[in-house]
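S.K.: Here you go, entry.csv (CSV, C-alpha atoms and all ligand atoms):
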chain,number,residue,atom,x,y,z
N,14,MET,CA,39.0,-47.1,-5.5
N,15,THR,CA,40.3,-47.9,-9.0
N,16,GLN,CA,37.0,-49.5,-10.1
N,17,LYS,CA,35.1,-47.6,-12.8
N,18,ARG,CA,31.4,-46.8,-12.4
N,19,VAL,CA,29.1,-48.3,-15.0
N,20,LEU,CA,25.4,-47.3,-15.4
N,21,SER,CA,22.7,-48.4,-17.8
N,22,GLY,CA,19.0,-48.6,-18.0
N,23,ILE,CA,16.3,-50.5,-19.8
N,24,GLN,CA,12.6,-49.9,-20.1
N,25,PRO,CA,10.1,-52.5,-19.0
N,26,THR,CA,8.0,-52.0,-22.1
N,27,SER,CA,7.3,-55.6,-23.0
N,28,ASP,CA,6.9,-59.1,-21.6
N,29,SER,CA,10.3,-60.0,-22.9
N,30,PHE,CA,13.5,-58.5,-23.9
N,31,HIS,CA,14.7,-59.4,-27.4
N,32,LEU,CA,17.9,-60.4,-29.0
N,33,GLY,CA,18.6,-56.8,-30.0
N,34,ASN,CA,18.5,-55.7,-26.4
N,35,TYR,CA,20.7,-58.6,-25.4
N,36,LEU,CA,23.4,-58.3,-28.1
N,37,GLY,CA,23.3,-54.5,-28.3
N,38,ALA,CA,23.3,-53.8,-24.6
N,39,LEU,CA,22.6,-56.5,-22.0
N,40,LYS,CA,25.5,-58.7,-22.9
N,41,GLN,CA,27.8,-55.9,-22.2
N,42,TRP,CA,26.1,-55.2,-18.9
N,43,VAL,CA,26.9,-58.7,-17.9
N,44,GLU,CA,30.6,-58.5,-19.0
N,45,LEU,CA,31.1,-55.1,-17.4
N,46,GLN,CA,30.2,-56.4,-13.9
N,47,ASP,CA,33.7,-57.8,-13.7
N,48,GLY,CA,36.1,-55.3,-12.3
N,49,ASN,CA,33.6,-52.4,-12.3
N,50,ASP,CA,31.1,-50.9,-9.9
N,51,ALA,CA,27.9,-51.5,-12.0
N,52,PHE,CA,24.5,-49.9,-11.5
N,53,TYR,CA,21.7,-51.3,-13.6
N,54,CYS,CA,18.3,-49.7,-13.6
N,55,ILE,CA,14.9,-50.8,-14.8
N,56,VAL,CA,13.6,-47.4,-16.0
N,57,ASP,CA,9.9,-47.7,-15.3
N,58,LEU,CA,9.4,-43.9,-15.3
N,59,HIS,CA,10.7,-43.7,-18.8
N,60,ALA,CA,8.3,-46.4,-19.9
N,61,LEU,CA,5.4,-44.1,-18.8
N,62,THR,CA,6.1,-42.0,-21.9
N,63,GLY,CA,4.2,-44.7,-23.8
N,64,GLU,CA,0.9,-46.5,-23.3
N,65,ILE,CA,0.7,-48.6,-20.1
N,66,GLU,CA,-1.8,-50.9,-18.6
N,67,PRO,CA,-1.2,-51.0,-14.8
N,68,ALA,CA,-1.4,-54.7,-14.1
N,69,LEU,CA,0.6,-55.6,-17.1
N,70,PHE,CA,3.1,-52.8,-16.3
N,71,ARG,CA,3.8,-54.2,-12.9
N,72,LYS,CA,4.2,-57.7,-14.3
N,73,ARG,CA,6.6,-56.4,-17.0
N,74,THR,CA,8.8,-54.6,-14.4
N,75,LEU,CA,9.2,-57.8,-12.4
N,76,ALA,CA,9.7,-59.9,-15.6
N,77,SER,CA,12.4,-57.5,-16.6
N,78,ALA,CA,14.2,-58.0,-13.3
N,79,ALA,CA,13.9,-61.8,-13.6
N,80,GLN,CA,15.3,-61.7,-17.1
N,81,LEU,CA,18.2,-59.5,-16.2
N,82,ILE,CA,19.2,-61.8,-13.4
N,83,ALA,CA,18.6,-64.9,-15.6
N,84,LEU,CA,20.9,-63.6,-18.3
N,85,GLY,CA,23.7,-63.0,-15.8
N,86,ILE,CA,23.3,-59.7,-13.9
N,87,SER,CA,24.2,-60.7,-10.3
N,88,PRO,CA,22.3,-58.7,-7.6
N,89,GLU,CA,25.3,-59.3,-5.4
N,90,ARG,CA,28.0,-58.0,-7.7
N,91,SER,CA,25.9,-55.2,-9.3
N,92,THR,CA,23.3,-52.8,-8.0
N,93,LEU,CA,20.1,-53.8,-9.7
N,94,PHE,CA,17.2,-51.5,-9.0
N,95,VAL,CA,14.0,-49.9,-10.2
N,96,GLN,CA,14.2,-46.2,-11.2
N,97,SER,CA,11.0,-45.1,-9.4
N,98,HIS,CA,12.4,-46.5,-6.1
N,99,VAL,CA,15.0,-43.8,-6.1
N,100,ALA,CA,13.3,-40.4,-6.1
N,101,GLU,CA,16.6,-38.6,-6.9
N,102,HIS,CA,16.1,-39.5,-10.5
N,103,ASN,CA,13.0,-37.2,-10.8
N,104,GLN,CA,14.7,-34.6,-8.7
N,105,LEU,CA,17.8,-34.3,-10.8
N,106,GLY,CA,15.7,-34.8,-14.0
N,107,TRP,CA,14.0,-31.5,-13.3
N,108,ILE,CA,17.4,-29.8,-12.9
N,109,MET,CA,18.4,-31.2,-16.3
N,110,GLU,CA,15.2,-30.0,-17.9
N,111,CYS,CA,16.0,-26.5,-16.7
N,112,LEU,CA,19.5,-26.8,-18.2
N,113,ALA,CA,18.6,-28.1,-21.6
N,114,GLY,CA,17.6,-26.0,-24.5
N,115,PHE,CA,14.4,-26.5,-26.4
N,116,GLY,CA,16.3,-26.6,-29.7
N,117,GLU,CA,18.7,-29.3,-28.6
N,118,ALA,CA,15.9,-31.4,-27.1
N,119,SER,CA,14.0,-31.1,-30.4
N,120,ARG,CA,16.9,-32.6,-32.3
N,121,MET,CA,16.8,-35.9,-30.5
N,122,THR,CA,16.1,-38.6,-33.1
N,123,GLN,CA,14.4,-41.0,-30.7
N,124,PHE,CA,11.9,-38.3,-29.9
N,125,LYS,CA,11.4,-37.4,-33.5
N,126,ASP,CA,10.9,-41.0,-34.5
N,127,LYS,CA,8.6,-42.0,-31.7
N,128,SER,CA,6.5,-38.8,-32.0
N,129,ALA,CA,6.2,-39.2,-35.8
N,130,LYS,CA,5.0,-42.8,-35.4
N,131,GLY,CA,2.1,-41.9,-33.2
N,132,GLY,CA,1.3,-38.6,-34.8
N,133,ALA,CA,2.3,-35.3,-33.3
N,134,ASP,CA,-0.8,-34.9,-31.2
N,135,SER,CA,-0.4,-38.2,-29.4
N,136,ALA,CA,3.2,-37.5,-28.3
N,137,ARG,CA,3.5,-36.7,-24.6
N,138,VAL,CA,5.5,-33.9,-23.1
N,139,GLY,CA,7.3,-36.7,-21.2
N,140,LEU,CA,8.5,-38.2,-24.5
N,141,PHE,CA,10.1,-34.8,-25.2
N,142,THR,CA,11.8,-34.5,-21.8
N,143,TYR,CA,12.8,-38.2,-21.7
N,144,PRO,CA,16.5,-37.6,-22.6
N,145,MET,CA,16.8,-35.2,-19.6
N,146,LEU,CA,15.6,-37.8,-17.2
N,147,GLN,CA,18.1,-40.2,-18.9
N,148,ALA,CA,20.9,-37.7,-18.3
N,149,ALA,CA,19.9,-37.6,-14.6
N,150,ASP,CA,20.0,-41.4,-14.4
N,151,ILE,CA,23.5,-41.4,-15.7
N,152,LEU,CA,24.9,-38.3,-13.9
N,153,LEU,CA,23.5,-39.2,-10.5
N,154,TYR,CA,26.0,-42.2,-10.3
N,155,GLN,CA,29.0,-40.3,-11.7
N,156,ALA,CA,29.2,-43.1,-14.3
N,157,HIS,CA,32.4,-43.5,-16.4
N,158,TYR,CA,30.7,-45.8,-18.9
N,159,VAL,CA,27.2,-46.3,-20.2
N,160,PRO,CA,26.8,-49.6,-22.1
N,161,VAL,CA,24.0,-49.1,-24.7
N,162,GLY,CA,23.2,-49.9,-28.3
N,163,GLU,CA,24.0,-47.6,-31.2
N,164,ASP,CA,20.6,-45.9,-31.1
N,165,GLN,CA,21.4,-44.3,-27.7
N,166,ARG,CA,24.6,-42.5,-28.8
N,167,GLN,CA,22.8,-39.1,-29.2
N,168,HIS,CA,21.4,-39.3,-25.7
N,169,ILE,CA,24.8,-39.9,-24.2
N,170,GLU,CA,26.2,-36.9,-26.2
N,171,LEU,CA,23.4,-34.7,-24.8
N,172,THR,CA,24.2,-36.0,-21.3
N,173,ARG,CA,27.8,-35.0,-21.7
N,174,ASP,CA,26.8,-31.5,-23.0
N,175,LEU,CA,24.4,-31.0,-20.1
N,176,ALA,CA,27.1,-32.1,-17.6
N,177,THR,CA,29.7,-29.8,-19.1
N,178,ARG,CA,27.3,-26.9,-19.1
N,179,PHE,CA,26.4,-27.5,-15.5
N,180,ASN,CA,30.0,-27.9,-14.4
N,181,THR,CA,31.1,-24.7,-16.2
N,182,ARG,CA,28.3,-22.6,-14.8
N,183,PHE,CA,28.0,-24.0,-11.3
N,184,GLY,CA,31.3,-25.7,-10.5
N,185,GLN,CA,32.6,-29.3,-10.9
N,186,THR,CA,29.6,-31.6,-10.1
N,187,PHE,CA,29.3,-34.3,-12.6
N,188,ARG,CA,31.7,-36.7,-14.3
N,189,LEU,CA,31.4,-36.8,-18.1
N,190,PRO,CA,30.2,-40.3,-19.1
N,191,GLU,CA,31.3,-42.2,-22.1
N,192,GLY,CA,29.0,-44.5,-24.1
N,193,HIS,CA,30.2,-48.1,-24.3
N,194,ILE,CA,28.9,-49.1,-27.7
N,195,LEU,CA,29.9,-52.3,-29.4
N,196,LYS,CA,30.6,-52.4,-33.1
N,197,ALA,CA,29.3,-56.0,-33.7
N,198,GLY,CA,25.8,-56.5,-32.5
N,199,ALA,CA,25.3,-52.8,-31.8
N,200,LYS,CA,22.3,-53.0,-34.1
N,201,ILE,CA,20.2,-56.1,-34.7
N,202,TYR,CA,17.5,-55.8,-37.3
N,203,ASP,CA,13.9,-57.0,-37.4
N,204,LEU,CA,13.8,-60.4,-39.1
N,205,GLN,CA,10.8,-59.4,-41.2
N,206,ASP,CA,12.0,-56.0,-42.1
N,207,PRO,CA,15.8,-56.1,-41.9
N,208,THR,CA,16.1,-52.4,-42.6
N,209,SER,CA,14.6,-51.4,-39.3
N,210,LYS,CA,15.9,-52.2,-35.8
N,211,MET,CA,14.5,-55.1,-33.8
N,212,SER,CA,12.3,-53.3,-31.4
N,213,LYS,CA,10.0,-54.1,-28.5
N,214,SER,CA,7.4,-51.6,-29.7
N,215,SER,CA,7.6,-52.2,-33.4
N,216,GLY,CA,4.0,-53.3,-33.5
N,217,SER,CA,4.5,-56.8,-35.0
N,218,VAL,CA,6.5,-59.4,-33.1
N,219,ALA,CA,7.0,-61.7,-36.1
N,220,GLY,CA,10.5,-60.3,-36.7
N,221,VAL,CA,11.5,-60.0,-33.0
N,222,LEU,CA,13.3,-62.9,-31.3
N,223,GLU,CA,12.2,-62.7,-27.7
N,224,ILE,CA,14.1,-64.2,-24.7
N,225,MET,CA,10.8,-65.4,-23.2
N,226,ASP,CA,9.5,-67.0,-26.3
N,227,THR,CA,9.2,-70.7,-26.6
N,228,PRO,CA,11.9,-72.5,-28.6
N,229,GLU,CA,9.3,-73.4,-31.1
N,230,ALA,CA,8.2,-69.8,-31.6
N,231,ASN,CA,11.7,-68.6,-32.1
N,232,THR,CA,12.5,-71.4,-34.6
N,233,LYS,CA,9.5,-70.5,-36.6
N,234,LYS,CA,10.4,-66.8,-36.7
N,235,ILE,CA,13.9,-67.6,-37.9
N,236,LYS,CA,12.7,-70.0,-40.5
N,237,SER,CA,10.3,-67.4,-41.9
N,238,ALA,CA,12.8,-64.5,-41.7
N,239,ALA,CA,12.8,-62.4,-44.9
N,240,THR,CA,15.8,-63.3,-47.0
N,241,ASP,CA,17.3,-61.6,-50.0
N,242,ALA,CA,17.8,-62.2,-53.7
N,243,GLY,CA,20.4,-64.8,-54.6
N,244,ARG,CA,21.2,-68.0,-52.6
N,245,GLU,CA,24.7,-67.3,-51.3
N,246,VAL,CA,25.2,-66.9,-47.5
N,247,LYS,CA,27.4,-63.8,-47.6
N,248,PHE,CA,27.7,-60.8,-45.4
N,249,ASP,CA,26.7,-57.7,-47.4
N,250,GLU,CA,24.6,-55.3,-45.4
N,251,LYS,CA,23.5,-53.3,-48.5
N,252,GLU,CA,22.5,-56.1,-50.9
N,253,LYS,CA,21.7,-58.8,-48.3
N,254,PRO,CA,20.4,-57.1,-45.1
N,255,GLY,CA,18.4,-60.2,-44.1
N,256,ILE,CA,21.2,-62.7,-44.4
N,257,SER,CA,23.8,-60.3,-42.9
N,258,ASN,CA,21.5,-59.8,-39.8
N,259,LEU,CA,21.3,-63.6,-39.3
N,260,LEU,CA,25.1,-63.9,-39.7
N,261,THR,CA,25.6,-61.2,-37.1
N,262,ILE,CA,23.2,-63.0,-34.7
N,263,HIS,CA,24.8,-66.4,-35.2
N,264,SER,CA,28.3,-65.0,-34.9
N,265,ALA,CA,27.5,-63.1,-31.7
N,266,LEU,CA,26.0,-66.1,-30.0
N,267,SER,CA,28.3,-68.9,-31.3
N,268,GLY,CA,31.5,-66.8,-31.0
N,269,ARG,CA,32.5,-67.9,-34.5
N,270,SER,CA,33.6,-65.3,-37.0
N,271,ILE,CA,31.4,-64.2,-39.9
N,272,SER,CA,33.9,-65.4,-42.5
N,273,GLU,CA,34.1,-68.8,-40.8
N,274,LEU,CA,30.3,-69.0,-41.1
N,275,GLU,CA,30.4,-67.9,-44.7
N,276,ASN,CA,32.8,-70.7,-45.5
N,277,GLU,CA,30.8,-73.3,-43.7
N,278,PHE,CA,27.7,-72.4,-45.6
N,279,GLU,CA,29.3,-72.0,-49.0
N,280,GLY,CA,27.3,-73.9,-51.6
N,281,LYS,CA,24.4,-74.5,-49.1
N,282,GLY,CA,21.2,-72.7,-49.4
N,283,TYR,CA,19.4,-70.2,-47.1
N,284,GLY,CA,17.3,-73.0,-45.6
N,285,ASP,CA,20.3,-74.9,-44.1
N,286,PHE,CA,21.7,-71.7,-42.8
N,287,LYS,CA,18.4,-70.6,-41.1
N,288,GLY,CA,18.2,-74.1,-39.5
N,289,ALA,CA,21.7,-73.6,-38.0
N,290,VAL,CA,20.8,-70.1,-36.8
N,291,ALA,CA,17.6,-71.3,-35.2
N,292,GLU,CA,19.6,-74.0,-33.3
N,293,VAL,CA,22.2,-71.6,-32.0
N,294,VAL,CA,19.5,-69.1,-30.9
N,295,VAL,CA,17.3,-71.7,-29.2
N,296,GLU,CA,20.0,-73.4,-27.3
N,297,TYR,CA,21.5,-70.1,-26.1
N,298,LEU,CA,18.2,-68.8,-24.9
N,299,ARG,CA,16.8,-72.0,-23.4
N,300,PRO,CA,18.5,-71.8,-19.9
N,301,ILE,CA,17.9,-68.1,-19.7
N,302,ARG,CA,14.2,-68.4,-20.2
N,303,GLU,CA,14.0,-71.3,-17.7
N,304,ARG,CA,15.8,-69.4,-15.0
N,305,ALA,CA,13.7,-66.3,-15.5
N,306,LEU,CA,10.5,-68.4,-15.2
N,307,GLU,CA,11.8,-69.9,-12.0
N,308,LEU,CA,12.6,-66.5,-10.5
N,309,LEU,CA,9.2,-65.3,-11.3
N,310,GLU,CA,7.7,-68.0,-9.2
N,311,ASP,CA,8.8,-66.1,-6.1
N,312,GLU,CA,7.8,-62.5,-6.6
N,313,ASN,CA,8.4,-61.4,-3.0
N,314,HIS,CA,12.0,-62.5,-3.2
N,315,LEU,CA,12.5,-60.7,-6.5
N,316,ILE,CA,11.0,-57.5,-5.0
N,317,GLU,CA,13.3,-57.8,-1.9
N,318,LEU,CA,16.3,-58.0,-4.2
N,319,LEU,CA,15.2,-54.8,-6.0
N,320,HIS,CA,14.6,-53.0,-2.7
N,321,THR,CA,18.1,-53.9,-1.6
N,322,GLY,CA,19.4,-52.6,-4.9
N,323,ALA,CA,17.5,-49.3,-4.5
N,324,ASP,CA,18.9,-48.8,-1.0
N,325,LYS,CA,22.4,-49.1,-2.4
N,326,ALA,CA,21.7,-46.8,-5.3
N,327,ARG,CA,20.1,-44.2,-3.1
N,328,VAL,CA,23.3,-43.8,-1.1
N,329,VAL,CA,25.2,-42.7,-4.2
N,330,ALA,CA,22.3,-40.8,-5.9
N,331,SER,CA,21.5,-38.7,-2.8
N,332,GLN,CA,25.2,-37.6,-2.5
N,333,THR,CA,25.2,-36.3,-6.0
N,334,LEU,CA,21.9,-34.6,-5.6
N,335,SER,CA,22.8,-32.8,-2.5
N,336,HIS,CA,26.1,-31.6,-4.1
N,337,THR,CA,24.1,-30.4,-7.1
N,338,TYR,CA,21.6,-28.5,-4.9
N,339,LYS,CA,24.4,-26.9,-3.0
N,340,ASN,CA,26.2,-25.8,-6.1
N,341,LEU,CA,23.0,-24.3,-7.4
N,342,GLY,CA,22.5,-22.3,-4.3
N,343,LEU,CA,19.3,-24.0,-3.1
N,344,VAL,CA,18.9,-23.4,0.6
N,345,LYS,CA,19.3,-26.5,2.7
N,401,LIG,P1,11.4,-49.7,-27.5
N,401,LIG,O1,11.0,-50.2,-28.9
N,401,LIG,O2,10.3,-49.8,-26.5
N,401,LIG,O3,12.0,-48.3,-27.6
N,401,LIG,P2,13.7,-51.1,-27.6
N,401,LIG,O4,13.4,-52.5,-28.1
N,401,LIG,O5,14.3,-50.2,-28.6
N,401,LIG,O6,12.4,-50.6,-27.0
N,401,LIG,P3,15.0,-50.1,-25.3
N,401,LIG,O7,14.5,-50.4,-24.0
N,401,LIG,O8,14.8,-48.8,-25.9
N,401,LIG,O9,14.6,-51.2,-26.4
N,401,LIG,O10,16.6,-50.4,-25.3
N,401,LIG,C1,17.3,-51.2,-24.4
N,401,LIG,C2,18.7,-51.3,-24.9
N,401,LIG,O11,18.8,-52.2,-26.0
N,401,LIG,C3,19.4,-50.0,-25.3
N,401,LIG,O12,20.7,-49.9,-24.9
N,401,LIG,C4,19.3,-50.1,-26.8
N,401,LIG,O13,20.4,-49.4,-27.4
N,401,LIG,C5,19.4,-51.6,-27.1
N,401,LIG,N1,18.8,-52.0,-28.3
N,401,LIG,C6,17.4,-51.9,-28.5
N,401,LIG,N2,17.1,-52.4,-29.7
N,401,LIG,C7,18.3,-52.8,-30.3
N,401,LIG,C8,18.7,-53.4,-31.5
N,401,LIG,N3,17.8,-53.8,-32.4
N,401,LIG,N4,20.0,-53.7,-31.7
N,401,LIG,C9,20.9,-53.4,-30.8
N,401,LIG,N5,20.6,-52.8,-29.6
N,401,LIG,C10,19.4,-52.5,-29.3
N,402,LIG,N1,16.8,-44.4,-23.3
N,402,LIG,C1,17.3,-45.7,-23.1
N,402,LIG,C2,16.9,-46.3,-21.8
N,402,LIG,C3,17.6,-45.6,-20.7
N,402,LIG,C4,19.0,-45.6,-20.4
N,402,LIG,C5,19.1,-44.7,-19.2
N,402,LIG,C6,20.1,-46.1,-21.0
N,402,LIG,C7,17.0,-44.8,-19.8
N,402,LIG,N2,17.9,-44.3,-18.9
N,402,LIG,C8,20.4,-44.5,-18.7
N,402,LIG,C9,21.3,-45.9,-20.4
N,402,LIG,C10,21.5,-45.0,-19.3
N,402,LIG,C11,16.7,-46.6,-24.2
N,402,LIG,O1,15.7,-46.2,-24.8
N,402,LIG,N3,17.2,-47.7,-24.5
Hey, can you dump this file as structure tokens for me?
Ligand code: ATP
Ligand code: LTN

M.R.:
Amino acid sequence: MTQKRVLSGIQPTSDSFHLGNYLGALKQWVELQDGNDAFYCIVDLHALTGEIEPALFRKRTLASAAQLIALGISPERSTLFVQSHVAEHNQLGWIMECLAGFGEASRMTQFKDKSAKGGADSARVGLFTYPMLQAADILLYQAHYVPVGEDQRQHIELTRDLATRFNTRFGQTFRLPEGHILKAGAKIYDLQDPTSKMSKSSGSVAGVLEIMDTPEANTKKIKSAATDAGREVKFDEKEKPGISNLLTIHSALSGRSISELENEFEGKGYGDFKGAVAEVVVEYLRPIRERALELLEDENHLIELLHTGADKARVVASQTLSHTYKNLGLVK
């Protein structure tokens, strides 16, 4: 088979994915379905590293599935599944934890950032071991490519290091995956604070453009986005982080180049430009939101699709796991 394996995951940590998730990662997920053997996973176990509320958590997992399908992940062409449905993830996760060094795990910036945010005492052990479970997600499927946003680069590097270490010590077992990280759109910033990334768990949603938000809410967020000194619509990430972020968003969704947009808005103010960005965003998201809401009306059907996905995923995952156990000398 000449098709390449693709694997990625996303946490069901909010009612809605945001435009950063879409432009940084999910848009690539959709594109990579063509010509590849793609596995996409809703990583509910990873989400347990934060606060959860059971009823809401269940709802969010299903809403994540609905949004993924609505934005173009086809359950027929790809394998779409929930991480906790495939127990091999935990099983290989443990092996990865036994392979990783305490020092290298301590250097993971996502862990450092997230544990610093909540205070050292509130950080869970699971937050620390999170990257090893992620490595297991990837290595189980012998993935060639892992489409993610820029913030995940370090976790992919760790995954490669762990795979190399295992292969060297115990014999060829895992393929070394490569990150598939876009240059444009790889990092979308918060509209209110354009120096930090747009994030589901940032605390405030005022600067976060959500797929499931109403058109009115998203228009309002864009119109009240923080802008920069001056009045010129120009891409300059240092001096004009707010406007540059909006230019990136417009360009990624409209398919028009940044310089084309700069020319169009030359001599016009920020107000006109924001109006145009709002229109592009709202019209792009409208059909996605509607389709997701439609899918959520039939929960049983959605769950059935996810079970079918998990059955397909398990076939591949169990093969890798038994090969791993064998190479480790675990008695069968
Ligand atoms: P959380 O705040 O709960 O960590 P998040 O909003 O950062 O969530 P994740 O579930 O961690 O989202 O990420 C899903 C995917 O979206 C990842 O591949 C990540 O790289 C990408 N991503 C997240 N935020 C952005 C962003 N602001 N710009 C570009 N890509 C992003
Ligand atoms: N850590 C990732 C989510 C994630 C993931 C994965 C991404 C978990 N497992 C496997 C790619 C491949 C995040 O925070 N975005």

S.K.: Find the spatial neighbours of Glu110 (chain N), counting all atoms listed in the file, within a cut-off of 10 Å - ignore same-chain residues fewer than 3 positions away - and output them as a list in words.

M.R.: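 After dropping sequence-adjacent residues, the list is Leu105, Gly106, Trp107, Ala113, Gly114, Phe115, Ala118, Thr142, Tyr143, Pro144, Met145, Leu146, Ala148, Ala149 and Leu175 of chain N.
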
S.K.: Which residue out of N:Ser77, N:Asn276, N:Gln167, N:Thr15 has the minimum interatomic distance to ligand LIG 402 (chain N) when only C-alpha atoms and all ligand atoms are used?

M.R.: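 Using only C-alpha atoms and all ligand atoms, the shortest distance to ligand LIG 402 (chain N) belongs to N:Gln167.
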
S.K.: Would you list the residues that come within 8 Å of ligand LIG 401 (chain N)? Count all atoms listed in the file and give the answer as a VMD selection string.

M.R.: chain N and resid 21 to 27 30 to 39 60 160 to 165 198 to 203 209 to 215

S.K.: Keeping only C-alpha atoms, take the residues you just selected and write them out as a compact mmCIF listing (two decimals), in the frame of the given file.

M.R.:
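Output file result_6.txt is given in full below:
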# COMPACT_ATOMS: atom_id res chain seq x y z
CA SER N 21 22.70 -48.40 -17.80
CA GLY N 22 19.00 -48.60 -18.00
CA ILE N 23 16.30 -50.50 -19.80
CA GLN N 24 12.60 -49.90 -20.10
CA PRO N 25 10.10 -52.50 -19.00
CA THR N 26 8.00 -52.00 -22.10
CA SER N 27 7.30 -55.60 -23.00
CA PHE N 30 13.50 -58.50 -23.90
CA HIS N 31 14.70 -59.40 -27.40
CA LEU N 32 17.90 -60.40 -29.00
CA GLY N 33 18.60 -56.80 -30.00
CA ASN N 34 18.50 -55.70 -26.40
CA TYR N 35 20.70 -58.60 -25.40
CA LEU N 36 23.40 -58.30 -28.10
CA GLY N 37 23.30 -54.50 -28.30
CA ALA N 38 23.30 -53.80 -24.60
CA LEU N 39 22.60 -56.50 -22.00
CA ALA N 60 8.30 -46.40 -19.90
CA PRO N 160 26.80 -49.60 -22.10
CA VAL N 161 24.00 -49.10 -24.70
CA GLY N 162 23.20 -49.90 -28.30
CA GLU N 163 24.00 -47.60 -31.20
CA ASP N 164 20.60 -45.90 -31.10
CA GLN N 165 21.40 -44.30 -27.70
CA GLY N 198 25.80 -56.50 -32.50
CA ALA N 199 25.30 -52.80 -31.80
CA LYS N 200 22.30 -53.00 -34.10
CA ILE N 201 20.20 -56.10 -34.70
CA TYR N 202 17.50 -55.80 -37.30
CA ASP N 203 13.90 -57.00 -37.40
CA SER N 209 14.60 -51.40 -39.30
CA LYS N 210 15.90 -52.20 -35.80
CA MET N 211 14.50 -55.10 -33.80
CA SER N 212 12.30 -53.30 -31.40
CA LYS N 213 10.00 -54.10 -28.50
CA SER N 214 7.40 -51.60 -29.70
CA SER N 215 7.60 -52.20 -33.40

S.K.: Grab the CA of Arg269 (chain N) to CA of Val246 (chain N) distance for me, in Å with one decimal place.

M.R.: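 We find that CA of Arg269 (chain N) and CA of Val246 (chain N) lie 14.9 Å from each other.
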
S.K.: Using all atoms listed in the file, can you list as number ranges by chain the residues within 8 Å of (21.6, -54.7, -14.4)?

M.R.: N: 21-22, 39, 42-43, 51-55, 81-82, 86-88, 91-94

S.K.: Please identify all polymer residues within 10 Å of region 299-310 of chain N, counting only C-alpha atoms, omitting same-chain residues fewer than 4 positions from it, and present them as a ChimeraX atom specification.

M.R.: /N:29,72,75-85,223-228,294-295,314-315

S.K.: Quick one: of N:Cys111, N:Asn313, N:Lys17, N:Leu260, who's nearest to Val159 (chain N), counting all atoms listed in the file?

M.R.: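 Smallest separation from Val159 (chain N) among the options: N:Lys17.
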
S.K.: Counting all atoms listed in the file, which of N:Gly342, N:Gly116, N:Pro67, N:Gly192 gets nearest to ligand LIG 402 (chain N)?

M.R.: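 Of N:Gly342, N:Gly116, N:Pro67, N:Gly192, the one nearest ligand LIG 402 (chain N), counting all atoms listed in the file, is N:Gly192.
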
S.K.: In Å, rounded to a single decimal, give me how far atom C9 of ligand LIG 402 (chain N) is from CA of Gly48 (chain N).

M.R.: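 Atom-to-atom, CA of Gly48 (chain N) to atom C9 of ligand LIG 402 (chain N), that is 19.3 Å.
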
S.K.: Could you name the residues that touch Gly184 (chain N) at 12 Å or less, counting only C-alpha atoms, but leaving out those on the same chain fewer than 4 positions away, as a ChimeraX atom specification?

M.R.: /N:176-180,188,336-342

S.K.: Next, the residues of the selection above should be written as a PDB file, keeping the file's coordinate frame with C-alpha atoms.

M.R.:
ATOM      1  CA  ALA N 176      27.100 -32.100 -17.600  1.00  0.00           C
ATOM      2  CA  THR N 177      29.700 -29.800 -19.100  1.00  0.00           C
ATOM      3  CA  ARG N 178      27.300 -26.900 -19.100  1.00  0.00           C
ATOM      4  CA  PHE N 179      26.400 -27.500 -15.500  1.00  0.00           C
ATOM      5  CA  ASN N 180      30.000 -27.900 -14.400  1.00  0.00           C
ATOM      6  CA  ARG N 188      31.700 -36.700 -14.300  1.00  0.00           C
ATOM      7  CA  HIS N 336      26.100 -31.600  -4.100  1.00  0.00           C
ATOM      8  CA  THR N 337      24.100 -30.400  -7.100  1.00  0.00           C
ATOM      9  CA  TYR N 338      21.600 -28.500  -4.900  1.00  0.00           C
ATOM     10  CA  LYS N 339      24.400 -26.900  -3.000  1.00  0.00           C
ATOM     11  CA  ASN N 340      26.200 -25.800  -6.100  1.00  0.00           C
ATOM     12  CA  LEU N 341      23.000 -24.300  -7.400  1.00  0.00           C
ATOM     13  CA  GLY N 342      22.500 -22.300  -4.300  1.00  0.00           C
TER      14      GLY N 342
END

S.K.: For a test of reading the model, state the distance in Å between CA of Val221 (chain N) and CA of Ala238 (chain N), rounded to one decimal.

M.R.: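 Atom-to-atom, CA of Val221 (chain N) and CA of Ala238 (chain N) are spaced 9.9 Å apart.
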
S.K.: From the list N:Thr333, N:Asn231, N:Gln147, N:Ser264, which residue is nearest His59 (chain N) when using all atoms listed in the file?

M.R.: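 Closest candidate: N:Gln147.
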
S.K.: May I ask which of the residues N:Ala129, N:Val138, N:Leu45, N:Leu153 is the closest one to ligand LIG 402 (chain N), counting only C-alpha atoms and all ligand atoms?

M.R.: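 Of the candidates, the smallest distance to ligand LIG 402 (chain N) is held by N:Leu153.
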
S.K.: Point out the residue among N:His102, N:Lys196, N:Lys236, N:His263 with the least atom-to-atom distance to ligand LIG 402 (chain N), counting only C-alpha atoms and all ligand atoms.

M.R.: N:His102

S.K.: Please provide as a PyMOL selection string all residues within 10 Å of Leu204 (chain N), with the sequence filter that same-chain residues fewer than 5 positions apart are discarded (counting all atoms listed in the file).

M.R.: chain N and resi 209-211+218-222+234-240+254-256+258-259

S.K.: Would you list the contacts of Ser267 (chain N) as a ChimeraX atom specification, taking every protein, DNA or RNA residue within 12 Å and counting all atoms listed in the file, but skipping same-chain residues closer than 5 positions in sequence?

M.R.: /N:259-262,273-274,289-298
